[in-house]
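Q: Here you go, this is input-v4.cif (mmCIF, C-alpha atoms).
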data_protein
loop_
_atom_site.label_atom_id
_atom_site.label_comp_id
_atom_site.auth_asym_id
_atom_site.auth_seq_id
_atom_site.Cartn_x
_atom_site.Cartn_y
_atom_site.Cartn_z
CA MET A 1 -15.89 54.70 -44.06
CA LYS A 2 -18.75 53.44 -46.19
CA LEU A 3 -18.89 49.68 -46.82
CA LEU A 4 -21.22 47.77 -49.15
CA LEU A 5 -21.92 44.06 -48.59
CA LYS A 6 -23.21 42.68 -51.89
CA ASN A 7 -24.50 39.55 -53.66
CA CYS A 8 -25.82 38.04 -50.41
CA ASP A 9 -29.10 36.76 -49.07
CA ILE A 10 -30.42 38.95 -46.25
CA LEU A 11 -32.91 38.34 -43.44
CA ALA A 12 -34.11 41.91 -43.22
CA SER A 13 -36.63 43.45 -40.86
CA ASP A 14 -40.25 43.54 -42.01
CA GLY A 15 -42.40 45.41 -39.53
CA ALA A 16 -42.24 45.15 -35.76
CA ASP A 17 -41.64 41.41 -35.53
CA GLY A 18 -41.39 40.04 -39.06
CA TYR A 19 -38.70 39.28 -41.62
CA ARG A 20 -38.34 39.53 -45.37
CA TRP A 21 -35.94 37.51 -47.46
CA ILE A 22 -33.86 39.59 -49.85
CA LYS A 23 -32.14 37.39 -52.43
CA ASN A 24 -28.85 38.54 -53.96
CA GLY A 25 -29.18 41.73 -52.03
CA TYR A 26 -27.10 44.70 -50.91
CA LEU A 27 -26.51 46.02 -47.39
CA GLY A 28 -24.76 49.37 -47.10
CA ILE A 29 -23.01 50.62 -43.98
CA ASP A 30 -22.02 54.20 -43.22
CA GLY A 31 -19.76 54.26 -40.19
CA ASP A 32 -21.51 52.18 -37.51
CA ALA A 33 -25.03 52.09 -39.00
CA ILE A 34 -26.92 50.50 -41.87
CA ASP A 35 -27.78 53.09 -44.54
CA TYR A 36 -28.95 50.92 -47.45
CA LEU A 37 -30.85 47.64 -47.78
CA ALA A 38 -32.36 46.39 -51.05
CA ASP A 39 -32.26 43.84 -53.84
CA GLU A 40 -30.85 46.42 -56.26
CA ALA A 41 -27.39 47.96 -56.19
CA PRO A 42 -27.29 51.44 -54.65
CA LYS A 43 -26.63 54.44 -56.88
CA ALA A 44 -24.43 56.07 -54.25
CA ALA A 45 -20.75 55.12 -54.15
CA TYR A 46 -19.17 53.24 -51.27
CA ASP A 47 -15.53 53.39 -50.20
CA GLN A 48 -15.29 49.62 -50.16
CA GLU A 49 -17.38 46.79 -51.61
CA LYS A 50 -17.26 43.29 -50.17
CA ASP A 51 -18.61 40.33 -52.12
CA MET A 52 -20.63 38.14 -49.76
CA GLY A 53 -21.82 35.62 -52.33
CA GLY A 54 -22.97 32.35 -50.77
CA LYS A 55 -23.65 34.03 -47.43
CA LEU A 56 -26.85 34.77 -45.50
CA LEU A 57 -26.75 38.03 -43.54
CA CYS A 58 -28.69 38.01 -40.26
CA PRO A 59 -28.95 40.32 -37.27
CA GLY A 60 -26.29 39.64 -34.64
CA LEU A 61 -27.37 37.35 -31.81
CA ILE A 62 -27.85 38.70 -28.28
CA ASN A 63 -27.02 36.41 -25.34
CA CYS A 64 -29.05 37.82 -22.46
CA HIS A 65 -27.84 35.76 -19.51
CA GLY A 66 -24.51 34.27 -18.58
CA HIS A 67 -21.54 34.14 -16.27
CA THR A 68 -18.67 34.32 -18.76
CA PRO A 69 -15.66 33.58 -16.49
CA MET A 70 -17.22 30.19 -15.82
CA THR A 71 -15.74 29.06 -19.13
CA LEU A 72 -12.86 28.05 -16.85
CA LEU A 73 -15.26 25.65 -15.08
CA ARG A 74 -16.56 24.00 -18.23
CA GLY A 75 -17.18 20.34 -17.32
CA VAL A 76 -16.89 20.80 -13.55
CA GLY A 77 -19.72 19.46 -11.39
CA SER A 78 -21.72 17.83 -14.16
CA ASP A 79 -24.81 15.75 -13.33
CA LEU A 80 -25.69 17.54 -10.10
CA PRO A 81 -28.84 19.42 -9.04
CA LEU A 82 -28.46 23.20 -9.03
CA GLN A 83 -28.10 23.84 -5.30
CA GLU A 84 -25.41 21.17 -4.88
CA TRP A 85 -23.76 22.17 -8.15
CA LEU A 86 -23.60 25.83 -7.06
CA PHE A 87 -22.70 25.65 -3.39
CA ASP A 88 -20.59 22.47 -3.29
CA LYS A 89 -18.78 22.66 -6.65
CA MET A 90 -18.86 26.11 -8.21
CA MET A 91 -18.43 28.50 -5.31
CA PRO A 92 -15.45 26.75 -3.65
CA ILE A 93 -13.49 26.99 -6.90
CA GLU A 94 -14.70 30.49 -7.74
CA ASP A 95 -13.42 31.64 -4.35
CA GLN A 96 -9.92 30.89 -5.67
CA PHE A 97 -10.30 33.07 -8.78
CA THR A 98 -8.22 36.23 -8.98
CA ALA A 99 -9.27 39.28 -10.96
CA GLU A 100 -6.81 38.19 -13.67
CA ASP A 101 -8.36 34.71 -13.77
CA ILE A 102 -11.75 36.31 -14.29
CA ARG A 103 -10.42 38.56 -17.05
CA VAL A 104 -8.99 35.54 -18.87
CA GLY A 105 -12.19 33.50 -18.41
CA ASN A 106 -14.25 36.37 -19.81
CA ALA A 107 -11.88 36.79 -22.75
CA LEU A 108 -12.14 33.08 -23.52
CA ALA A 109 -15.93 33.44 -23.51
CA LEU A 110 -15.75 36.41 -25.87
CA LEU A 111 -13.76 34.34 -28.37
CA GLU A 112 -16.44 31.64 -28.24
CA MET A 113 -19.37 34.04 -28.49
CA ILE A 114 -17.95 36.24 -31.24
CA SER A 115 -17.01 33.24 -33.39
CA THR A 116 -20.56 31.82 -33.10
CA GLY A 117 -22.43 35.02 -33.96
CA THR A 118 -23.05 36.83 -30.67
CA THR A 119 -22.73 40.61 -31.04
CA SER A 120 -24.04 41.65 -27.60
CA TYR A 121 -24.28 39.88 -24.28
CA SER A 122 -25.51 40.34 -20.69
CA ASP A 123 -23.27 39.03 -17.93
CA MET A 124 -23.42 38.63 -14.16
CA TYR A 125 -20.11 38.17 -12.34
CA PHE A 126 -17.73 39.77 -9.87
CA HIS A 127 -14.67 41.83 -10.90
CA ALA A 128 -16.81 43.02 -13.79
CA ASP A 129 -14.38 45.88 -14.45
CA THR A 130 -12.16 43.29 -16.16
CA ALA A 131 -15.01 42.49 -18.56
CA VAL A 132 -15.33 46.21 -19.31
CA GLU A 133 -11.73 46.34 -20.47
CA ASN A 134 -12.11 43.16 -22.55
CA ALA A 135 -15.23 44.56 -24.22
CA ARG A 136 -13.36 47.77 -25.03
CA GLN A 137 -10.65 45.79 -26.79
CA ALA A 138 -12.83 43.17 -28.46
CA GLY A 139 -15.43 45.55 -29.85
CA ILE A 140 -18.44 43.56 -28.63
CA LYS A 141 -21.52 45.11 -27.01
CA ALA A 142 -21.94 44.19 -23.34
CA ASN A 143 -24.40 44.71 -20.49
CA LEU A 144 -22.30 43.96 -17.42
CA CYS A 145 -23.10 43.79 -13.73
CA ARG A 146 -21.64 42.91 -10.37
CA PRO A 147 -24.30 40.74 -8.64
CA ASN A 148 -25.39 41.58 -5.13
CA GLN A 149 -25.49 38.82 -2.51
CA CYS A 150 -25.64 38.66 1.27
CA PHE A 151 -25.07 35.58 3.43
CA ASN A 152 -25.20 37.25 6.87
CA ALA A 153 -28.58 38.44 8.09
CA ALA A 154 -26.90 40.80 10.56
CA GLU A 155 -25.04 42.65 7.81
CA THR A 156 -26.38 46.13 7.17
CA TYR A 157 -26.79 47.58 3.71
CA ALA A 158 -24.03 50.07 4.45
CA GLU A 159 -21.72 47.13 5.21
CA ASN A 160 -22.59 45.26 2.01
CA VAL A 161 -19.43 45.53 -0.10
CA ARG A 162 -21.06 43.96 -3.15
CA ALA A 163 -23.67 46.70 -3.37
CA ARG A 164 -20.99 49.40 -3.17
CA GLU A 165 -18.95 47.69 -5.88
CA SER A 166 -22.03 47.39 -8.09
CA ILE A 167 -22.96 51.04 -7.77
CA GLU A 168 -19.38 52.19 -8.32
CA LEU A 169 -19.19 50.06 -11.46
CA TYR A 170 -22.40 51.69 -12.74
CA LYS A 171 -21.22 55.23 -12.03
CA THR A 172 -17.79 54.65 -13.58
CA TYR A 173 -18.54 52.69 -16.72
CA ASN A 174 -22.21 52.93 -17.73
CA GLY A 175 -22.37 54.21 -21.29
CA ALA A 176 -18.68 53.66 -22.04
CA GLU A 177 -17.49 53.36 -25.64
CA ASN A 178 -20.35 55.53 -26.91
CA GLY A 179 -22.93 53.27 -25.24
CA ARG A 180 -21.49 49.99 -26.47
CA ILE A 181 -20.84 49.07 -22.81
CA LEU A 182 -23.77 49.37 -20.41
CA ILE A 183 -23.76 48.58 -16.71
CA ASP A 184 -26.76 46.91 -15.05
CA PHE A 185 -27.61 46.30 -11.42
CA ALA A 186 -28.02 42.68 -10.33
CA ILE A 187 -29.45 40.63 -7.47
CA HIS A 188 -28.14 37.10 -7.73
CA ALA A 189 -31.29 35.44 -6.33
CA GLU A 190 -33.75 35.44 -3.47
CA TYR A 191 -31.96 32.51 -1.78
CA THR A 192 -28.60 34.34 -1.73
CA ASN A 193 -29.97 37.52 -0.14
CA PHE A 194 -32.01 39.00 2.68
CA PRO A 195 -34.98 41.36 2.33
CA HIS A 196 -33.38 44.45 3.88
CA ILE A 197 -30.45 44.26 1.45
CA VAL A 198 -32.63 43.70 -1.62
CA GLU A 199 -35.01 46.51 -0.70
CA ALA A 200 -32.25 49.09 -0.20
CA TYR A 201 -30.32 48.00 -3.29
CA SER A 202 -33.48 48.06 -5.42
CA ALA A 203 -34.18 51.59 -4.23
CA ASP A 204 -30.69 52.66 -5.30
CA CYS A 205 -31.18 51.07 -8.70
CA LYS A 206 -34.41 53.00 -9.22
CA ALA A 207 -32.90 56.26 -7.97
CA LEU A 208 -29.99 55.95 -10.38
CA GLY A 209 -32.16 54.88 -13.33
CA GLY A 210 -30.57 51.45 -13.70
CA ARG A 211 -31.73 48.13 -15.11
CA MET A 212 -31.92 45.01 -12.93
CA HIS A 213 -30.68 41.49 -13.77
CA ILE A 214 -31.85 38.60 -11.52
CA HIS A 215 -32.29 34.84 -11.31
CA LEU A 216 -35.95 33.97 -10.76
CA SER A 217 -37.66 30.69 -9.83
CA GLU A 218 -35.01 28.59 -11.53
CA THR A 219 -35.77 25.42 -9.54
CA LYS A 220 -38.77 23.99 -7.72
CA LYS A 221 -36.70 23.91 -4.53
CA GLU A 222 -35.92 27.63 -4.77
CA HIS A 223 -39.54 28.49 -5.55
CA ASP A 224 -41.13 26.31 -2.86
CA GLU A 225 -38.67 27.29 -0.12
CA CYS A 226 -39.33 30.99 -0.78
CA VAL A 227 -43.08 30.37 -0.40
CA ALA A 228 -42.45 28.43 2.82
CA LYS A 229 -40.15 31.14 4.19
CA TYR A 230 -41.98 34.31 3.18
CA GLY A 231 -45.48 33.19 2.19
CA LYS A 232 -44.94 34.47 -1.33
CA THR A 233 -43.28 33.39 -4.56
CA PRO A 234 -39.87 34.79 -5.54
CA ALA A 235 -41.54 37.08 -8.10
CA GLN A 236 -43.92 38.44 -5.46
CA TRP A 237 -41.01 38.76 -3.00
CA PHE A 238 -38.94 40.83 -5.45
CA ASP A 239 -41.92 42.99 -6.39
CA ASP A 240 -42.81 43.72 -2.76
CA LEU A 241 -39.21 44.81 -2.13
CA GLY A 242 -39.29 47.27 -5.05
CA THR A 243 -37.05 45.39 -7.46
CA PHE A 244 -39.56 45.45 -10.30
CA ALA A 245 -39.86 49.24 -10.03
CA SER A 246 -36.84 49.33 -12.33
CA PRO A 247 -36.66 47.71 -15.79
CA THR A 248 -35.91 44.10 -14.84
CA PHE A 249 -34.91 40.98 -16.72
CA ALA A 250 -35.21 37.62 -15.00
CA ALA A 251 -33.25 34.53 -15.98
CA HIS A 252 -34.80 31.04 -16.09
CA CYS A 253 -38.37 31.62 -14.75
CA VAL A 254 -38.93 27.86 -14.86
CA TRP A 255 -41.35 27.63 -11.95
CA VAL A 256 -43.20 30.95 -12.19
CA THR A 257 -46.94 30.70 -11.61
CA GLU A 258 -49.78 32.13 -13.67
CA GLU A 259 -49.99 34.95 -11.09
CA ASP A 260 -46.24 35.53 -11.36
CA MET A 261 -46.45 35.87 -15.14
CA ALA A 262 -49.33 38.33 -14.87
CA LEU A 263 -47.24 40.33 -12.38
CA MET A 264 -44.23 40.27 -14.70
CA LYS A 265 -46.38 41.49 -17.57
CA ALA A 266 -47.84 44.29 -15.44
CA ARG A 267 -44.38 45.41 -14.27
CA GLY A 268 -42.71 45.05 -17.68
CA VAL A 269 -40.31 42.33 -16.51
CA SER A 270 -38.53 40.49 -19.34
CA ALA A 271 -37.82 36.77 -19.10
CA VAL A 272 -34.61 35.13 -20.31
CA HIS A 273 -35.06 31.55 -21.49
CA ASN A 274 -32.06 29.25 -20.89
CA PRO A 275 -33.20 25.92 -22.36
CA THR A 276 -29.87 24.05 -22.30
CA SER A 277 -28.99 25.00 -18.73
CA ASN A 278 -32.49 24.26 -17.47
CA MET A 279 -32.41 20.79 -18.98
CA LYS A 280 -28.80 19.98 -18.04
CA LEU A 281 -29.42 20.87 -14.39
CA GLY A 282 -32.81 19.14 -14.42
CA SER A 283 -34.57 22.36 -13.45
CA GLY A 284 -37.57 21.85 -15.71
CA PHE A 285 -39.34 23.48 -18.64
CA ALA A 286 -40.10 27.19 -18.44
CA PRO A 287 -43.65 28.10 -19.61
CA ILE A 288 -42.33 30.12 -22.55
CA PRO A 289 -45.34 29.65 -24.87
CA ARG A 290 -47.61 30.99 -22.14
CA MET A 291 -45.33 33.97 -21.55
CA LEU A 292 -45.38 34.78 -25.25
CA ASP A 293 -49.18 34.46 -25.32
CA LEU A 294 -49.36 36.95 -22.44
CA GLY A 295 -47.17 39.40 -24.32
CA LEU A 296 -44.09 39.19 -22.14
CA ASN A 297 -40.78 40.11 -23.70
CA VAL A 298 -38.83 36.83 -23.81
CA ALA A 299 -35.16 36.67 -24.77
CA LEU A 300 -32.58 33.88 -24.90
CA GLY A 301 -29.39 33.17 -22.98
CA THR A 302 -26.85 30.40 -22.66
CA ASP A 303 -26.15 30.73 -18.93
CA GLY A 304 -22.58 29.90 -17.93
CA ALA A 305 -20.34 27.35 -19.62
CA ALA A 306 -20.38 25.15 -16.51
CA SER A 307 -24.12 24.54 -16.82
CA ASN A 308 -24.51 24.43 -20.58
CA ASN A 309 -21.55 23.63 -21.52
CA ASN A 310 -21.10 26.12 -24.38
CA LEU A 311 -22.02 29.69 -25.27
CA ASN A 312 -23.52 28.89 -28.67
CA MET A 313 -26.71 30.87 -29.24
CA MET A 314 -27.51 28.85 -32.38
CA GLU A 315 -27.98 25.83 -30.14
CA GLU A 316 -30.23 27.81 -27.78
CA MET A 317 -32.44 28.84 -30.70
CA HIS A 318 -32.73 25.26 -31.93
CA LEU A 319 -33.63 23.93 -28.49
CA ALA A 320 -36.07 26.75 -27.75
CA ALA A 321 -37.86 25.92 -30.98
CA VAL A 322 -38.15 22.15 -30.67
CA LEU A 323 -38.33 21.68 -26.90
CA HIS A 324 -41.66 23.42 -26.39
CA ASN A 325 -43.23 21.89 -29.48
CA GLY A 326 -42.42 18.46 -28.07
CA PHE A 327 -43.49 19.30 -24.52
CA THR A 328 -46.87 20.69 -25.65
CA HIS A 329 -47.40 18.10 -28.42
CA ASP A 330 -47.99 21.05 -30.76
CA PRO A 331 -45.57 21.73 -33.65
CA THR A 332 -46.98 25.24 -34.12
CA VAL A 333 -46.24 26.53 -30.60
CA MET A 334 -42.82 28.00 -31.38
CA LYS A 335 -42.45 29.52 -34.83
CA PRO A 336 -38.99 30.28 -36.31
CA ALA A 337 -39.64 34.03 -36.46
CA GLN A 338 -40.57 34.07 -32.77
CA VAL A 339 -37.42 32.21 -31.83
CA LEU A 340 -35.13 34.43 -33.91
CA ASN A 341 -36.80 37.46 -32.33
CA MET A 342 -36.00 36.03 -28.91
CA ALA A 343 -32.34 35.85 -29.93
CA THR A 344 -32.25 39.34 -31.49
CA ARG A 345 -35.01 41.97 -31.23
CA ASN A 346 -36.29 40.88 -27.82
CA GLY A 347 -32.78 40.77 -26.43
CA ALA A 348 -32.12 44.28 -27.68
CA ARG A 349 -35.28 45.50 -25.93
CA LEU A 350 -34.23 43.77 -22.72
CA GLN A 351 -30.77 45.36 -22.83
CA GLY A 352 -32.15 48.83 -23.45
CA ARG A 353 -30.67 48.98 -26.96
CA SER A 354 -33.33 50.34 -29.31
CA ASP A 355 -30.79 50.81 -32.11
CA THR A 356 -29.95 47.14 -32.74
CA GLY A 357 -31.47 43.66 -33.00
CA GLU A 358 -32.57 43.82 -36.63
CA LEU A 359 -31.29 44.56 -40.11
CA ALA A 360 -32.95 47.83 -41.10
CA VAL A 361 -31.83 51.22 -42.34
CA GLY A 362 -30.86 53.40 -39.39
CA LYS A 363 -30.03 50.49 -37.09
CA LYS A 364 -26.50 49.74 -35.93
CA ALA A 365 -24.51 47.48 -38.24
CA ASP A 366 -24.51 44.45 -35.93
CA VAL A 367 -24.45 41.77 -38.61
CA ILE A 368 -23.47 38.12 -38.88
CA ALA A 369 -22.91 36.12 -42.06
CA ILE A 370 -23.80 32.44 -42.32
CA ASP A 371 -21.83 30.33 -44.81
CA LEU A 372 -24.47 28.67 -46.97
CA SER A 373 -21.97 26.34 -48.64
CA ARG A 374 -22.23 23.79 -45.81
CA PRO A 375 -24.03 20.53 -46.72
CA HIS A 376 -26.59 20.86 -43.92
CA LEU A 377 -27.64 24.27 -45.26
CA TYR A 378 -28.69 22.99 -48.71
CA PRO A 379 -31.25 23.76 -50.03
CA ASN A 380 -32.08 27.22 -48.70
CA LEU A 381 -35.85 27.19 -49.28
CA ASP A 382 -36.71 29.08 -46.08
CA PRO A 383 -33.93 31.14 -44.44
CA LEU A 384 -35.86 31.56 -41.17
CA ALA A 385 -36.20 27.81 -40.76
CA LEU A 386 -32.59 27.39 -41.86
CA MET A 387 -31.36 29.76 -39.12
CA VAL A 388 -33.39 28.21 -36.33
CA TYR A 389 -33.37 24.50 -37.19
CA SER A 390 -30.26 23.93 -39.32
CA ALA A 391 -27.52 26.51 -38.77
CA GLN A 392 -24.71 25.84 -36.30
CA GLY A 393 -22.38 28.22 -34.52
CA ALA A 394 -19.52 26.93 -36.66
CA ASP A 395 -21.36 28.19 -39.78
CA VAL A 396 -20.71 31.81 -38.82
CA ALA A 397 -18.32 33.25 -41.41
CA MET A 398 -18.38 36.85 -40.16
CA THR A 399 -19.36 38.76 -37.03
CA MET A 400 -19.64 42.54 -37.21
CA VAL A 401 -20.46 45.04 -34.46
CA ASP A 402 -21.07 48.74 -35.19
CA GLY A 403 -19.72 48.22 -38.69
CA ARG A 404 -16.44 46.73 -37.46
CA ILE A 405 -15.58 43.14 -38.40
CA LEU A 406 -14.54 41.26 -35.25
CA TYR A 407 -14.33 37.81 -36.78
CA GLU A 408 -14.10 36.55 -40.34
CA ASN A 409 -13.36 33.14 -41.83
CA GLY A 410 -11.79 31.75 -38.68
CA GLU A 411 -9.70 34.81 -37.81
CA PHE A 412 -10.30 37.29 -35.00
CA HIS A 413 -9.85 41.03 -35.48
CA ILE A 414 -9.93 42.10 -31.83
CA GLY A 415 -7.60 43.75 -29.33
CA PHE A 416 -6.13 40.66 -27.71
CA ASP A 417 -4.36 37.51 -28.85
CA PRO A 418 -6.49 34.33 -28.78
CA GLU A 419 -3.41 32.11 -28.42
CA GLU A 420 -2.36 34.01 -25.32
CA ILE A 421 -5.85 33.58 -23.83
CA TYR A 422 -5.76 29.83 -24.49
CA ALA A 423 -2.35 29.56 -22.83
CA ARG A 424 -3.39 31.61 -19.81
CA SER A 425 -6.60 29.59 -19.47
CA ASN A 426 -4.61 26.35 -19.39
CA ALA A 427 -2.29 27.79 -16.72
CA ILE A 428 -5.27 28.76 -14.54
CA ILE A 429 -6.85 25.35 -14.97
CA ARG A 430 -3.59 23.63 -13.99
CA ARG A 431 -3.38 25.80 -10.88
CA ILE A 432 -6.89 25.12 -9.62
CA SER A 433 -7.22 21.51 -10.79
CA GLY A 434 -4.99 19.96 -8.13
CA SER A 435 -7.42 20.25 -5.25
CA HIS A 436 -10.46 19.60 -7.49
CA ALA A 437 -9.14 16.82 -9.66
CA ASP A 438 -12.08 14.59 -8.79
CA ASN A 439 -14.67 17.12 -9.99
#
Give the structure from the file, written as structure tokens.

A:
Amino acid sequence: MKLLLKNCDILASDGADGYRWIKNGYLGIDGDAIDYLADEAPKAAYDQEKDMGGKLLCPGLINCHGHTPMTLLRGVGSDLPLQEWLFDKMMPIEDQFTAEDIRVGNALALLEMISTGTTSYSDMYFHADTAVENARQAGIKANLCRPNQCFNAAETYAENVRARESIELYKTYNGAENGRILIDFAIHAEYTNFPHIVEAYSADCKALGGRMHIHLSETKKEHDECVAKYGKTPAQWFDDLGTFASPTFAAHCVWVTEEDMALMKARGVSAVHNPTSNMKLGSGFAPIPRMLDLGLNVALGTDGAASNNNLNMMEEMHLAAVLHNGFTHDPTVMKPAQVLNMATRNGARLQGRSDTGELAVGKKADVIAIDLSRPHLYPNLDPLALMVYSAQGADVAMTMVDGRILYENGEFHIGFDPEEIYARSNAIIRRISGSHADN
């Protein structure tokens, strides 16, 4: 089917990293791709025309790091440093999760992300096959992985169940739904692994042509203890073990050194900035302006809902823009176009999706519409600034992936019932809350 979105403002692609503002424009879609984009009506006929007056069309947002089932832990373990938060609060409850719990937690996260403009996301969690099925039904794009960990130094790689599960997930589901679902490899972190496991797993990733998702230098404690233990930073440790031989994206990168960033640039490692999570957990301020100056590909992510505590990419854009300007005492450090690129184009590059991340003819129709009738969006003198500094997740009036509308005006058009997910989430929370009522 051919669909024409008309009478709308459009933040269209202009070159490799720029944008152009089309006023009262037209965006045509043929099947799953954009086939027309201009300020004049097309001469060709479309099967359906949709009046989008009062809306601003933008590329769909790409959330490049998270742990979606942790929506069920939203509010648990607040005001704790990361190591205590993770090992003393998160993991004991996560150990109680069933595969069905994880499916419900992921579905709850999809409702939140889709309704706030996310069209593609990268996720790291166990029982990731449940997220595959949810993505099939919901219509969202997803880069999913089962993270590898090892807590027993005597365990051999052949005995590591997590690695086997990860590789099986990749072989079974990578490229599903015509490439809408991709499977990545993942190493949780240096401090949850041992070198012999990471080296062997990294070699398998390279042999199979996979992409790698990791946590990197999130806290000073993690960074310093790795140096004390191995005589090298986490980035150097991963590189020496062959991890960076595959396309790699690293979450947080708060405490990376100048040498680490040069190494990441040389190896083509992308960084995922998680400003809310880093501030909430007191991890620090990632050197994002320096990374951008060096030419690293930097994307944005929310992290999990237990360390954020939402999955709203609009909020991440706003914080990424203002946080570094304040920290550096320079209001020109983070420009709106850079920040929107981090939430769109750069995320698409990181995920290995060259056909999305921008509104341009030939790209996939991954489109969101912002309702400009809200008081805080008047006047619209600069749509880039409006998107980054003013817009909220609740302003999203439509979310479209591959030309299919998943959410519009408060209603979901996906393969599962939101009310059922809310009810199941409440049942899970009641079950696990008894022994953790003081958390």

Q: Figure out the distance between atom CA of Val104 of chain A and atom CA of Glu165 of chain A, please, to one decimal in Å.

A: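 So the answer is 20.4 Å.
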
Q: Taking into account only C-alpha atoms, which residue in the set A:Leu57, A:Ala109, A:Ala337, A:Ala343 is nearest to Leu73 of chain A?

A: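 Among the listed residues, A:Ala109 lies closest to Leu73 of chain A.
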
Q: Which residue gives the smallest distance to Leu386 of chain A among A:Lys280, A:Arg374, A:His329, A:Arg290, with only C-alpha atoms counted?

A: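 Between A:Lys280, A:Arg374, A:His329, A:Arg290, the residue approaching Leu386 of chain A most closely is A:Arg374.
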
Q: How many Å separate atom CA of Ile114 of chain A from atom CA of Ala391 of chain A?

A: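 If I compute the distance from atom CA of Ile114 of chain A to atom CA of Ala391 of chain A, I get 15.6 Å.
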
Q: Identify which of the residues A:Asp88, A:Asp39, A:Asp204, A:Glu259 lies closest to Ala186 of chain A, counting only C-alpha atoms when measuring atom-to-atom distances.

A: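 Looking at the shortest contact to Ala186 of chain A, the residue is A:Asp204.
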
Q: Taking the file as I've supplied it (selection: the PyMOL selection byres ((chain A and resi 333) around 12)), which residues are included? Please answer as a PyMOL selection string.

A: chain A and resi 287-293+320-332+334-339

Q: To one decimal place in Å, what is the distance between atom CA of Arg345 of chain A and atom CA of His413 of chain A?

A: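 Atom CA of Arg345 of chain A sits 25.5 Å away from atom CA of His413 of chain A.
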
Q: Pull out every residue that the PyMOL selection byres ((chain A and resi 140) around 10) matches in the shown coordinates and put them as a PyMOL selection string.

A: chain A and resi 110+113-114+118-121+134-139+141-142+180-181+366+399-402+404+406+414

Q: Once the PyMOL selection byres ((chain A and resi 81) around 12) has been applied to the shown file, what residues remain in the selection, as a PyMOL selection string?

A: chain A and resi 77-80+82-89+218-222+277-284+307

Q: Excluding Tyr170 of chain A and residues on its chain fewer than 2 positions from it, collect all residues at most 10 Å away from it, counting all atoms listed in the file, and give them as JSON, numbers by chain.

A: {"A": [144, 145, 146, 164, 165, 166, 167, 168, 172, 173, 174, 175, 182, 183, 184, 185, 205, 208, 210]}

Q: Produce a file of the selected residues containing C-alpha atoms, as a CSV table (one decimal), in the coordinates of the input.

A:
chain,number,residue,atom,x,y,z
A,144,LEU,CA,-22.3,44.0,-17.4
A,145,CYS,CA,-23.1,43.8,-13.7
A,146,ARG,CA,-21.6,42.9,-10.4
A,164,ARG,CA,-21.0,49.4,-3.2
A,165,GLU,CA,-19.0,47.7,-5.9
A,166,SER,CA,-22.0,47.4,-8.1
A,167,ILE,CA,-23.0,51.0,-7.8
A,168,GLU,CA,-19.4,52.2,-8.3
A,172,THR,CA,-17.8,54.6,-13.6
A,173,TYR,CA,-18.5,52.7,-16.7
A,174,ASN,CA,-22.2,52.9,-17.7
A,175,GLY,CA,-22.4,54.2,-21.3
A,182,LEU,CA,-23.8,49.4,-20.4
A,183,ILE,CA,-23.8,48.6,-16.7
A,184,ASP,CA,-26.8,46.9,-15.0
A,185,PHE,CA,-27.6,46.3,-11.4
A,205,CYS,CA,-31.2,51.1,-8.7
A,208,LEU,CA,-30.0,56.0,-10.4
A,210,GLY,CA,-30.6,51.4,-13.7

Q: Quick one: residues within 8 Å of segment 63-65 of chain A, all atoms listed in the file, excluding same-chain residues fewer than 2 positions away - as a tab-separated table (two decimals) with C-alpha atoms, keeping the file's coordinate frame?

A:
chain	number	residue	atom	x	y	z
A	61	LEU	CA	-27.37	37.35	-31.81
A	67	HIS	CA	-21.54	34.14	-16.27
A	118	THR	CA	-23.05	36.83	-30.67
A	120	SER	CA	-24.04	41.65	-27.60
A	121	TYR	CA	-24.28	39.88	-24.28
A	122	SER	CA	-25.51	40.34	-20.69
A	123	ASP	CA	-23.27	39.03	-17.93
A	124	MET	CA	-23.42	38.63	-14.16
A	251	ALA	CA	-33.25	34.53	-15.98
A	272	VAL	CA	-34.61	35.13	-20.31
A	274	ASN	CA	-32.06	29.25	-20.89
A	299	ALA	CA	-35.16	36.67	-24.77
A	300	LEU	CA	-32.58	33.88	-24.90
A	301	GLY	CA	-29.39	33.17	-22.98
A	302	THR	CA	-26.85	30.40	-22.66
A	303	ASP	CA	-26.15	30.73	-18.93
A	313	MET	CA	-26.71	30.87	-29.24
A	343	ALA	CA	-32.34	35.85	-29.93
A	347	GLY	CA	-32.78	40.77	-26.43
A	350	LEU	CA	-34.23	43.77	-22.72
A	351	GLN	CA	-30.77	45.36	-22.83

Q: Pick out the residues sitting within 9 Å of Asn148 of chain A, and hand them over as a VMD selection string; count all atoms listed in the file, and ignore anything fewer than 6 positions along from it in its own chain.

A: chain A and resid 160 to 163 165 to 166 185 to 189 192 to 193 197 to 198 201
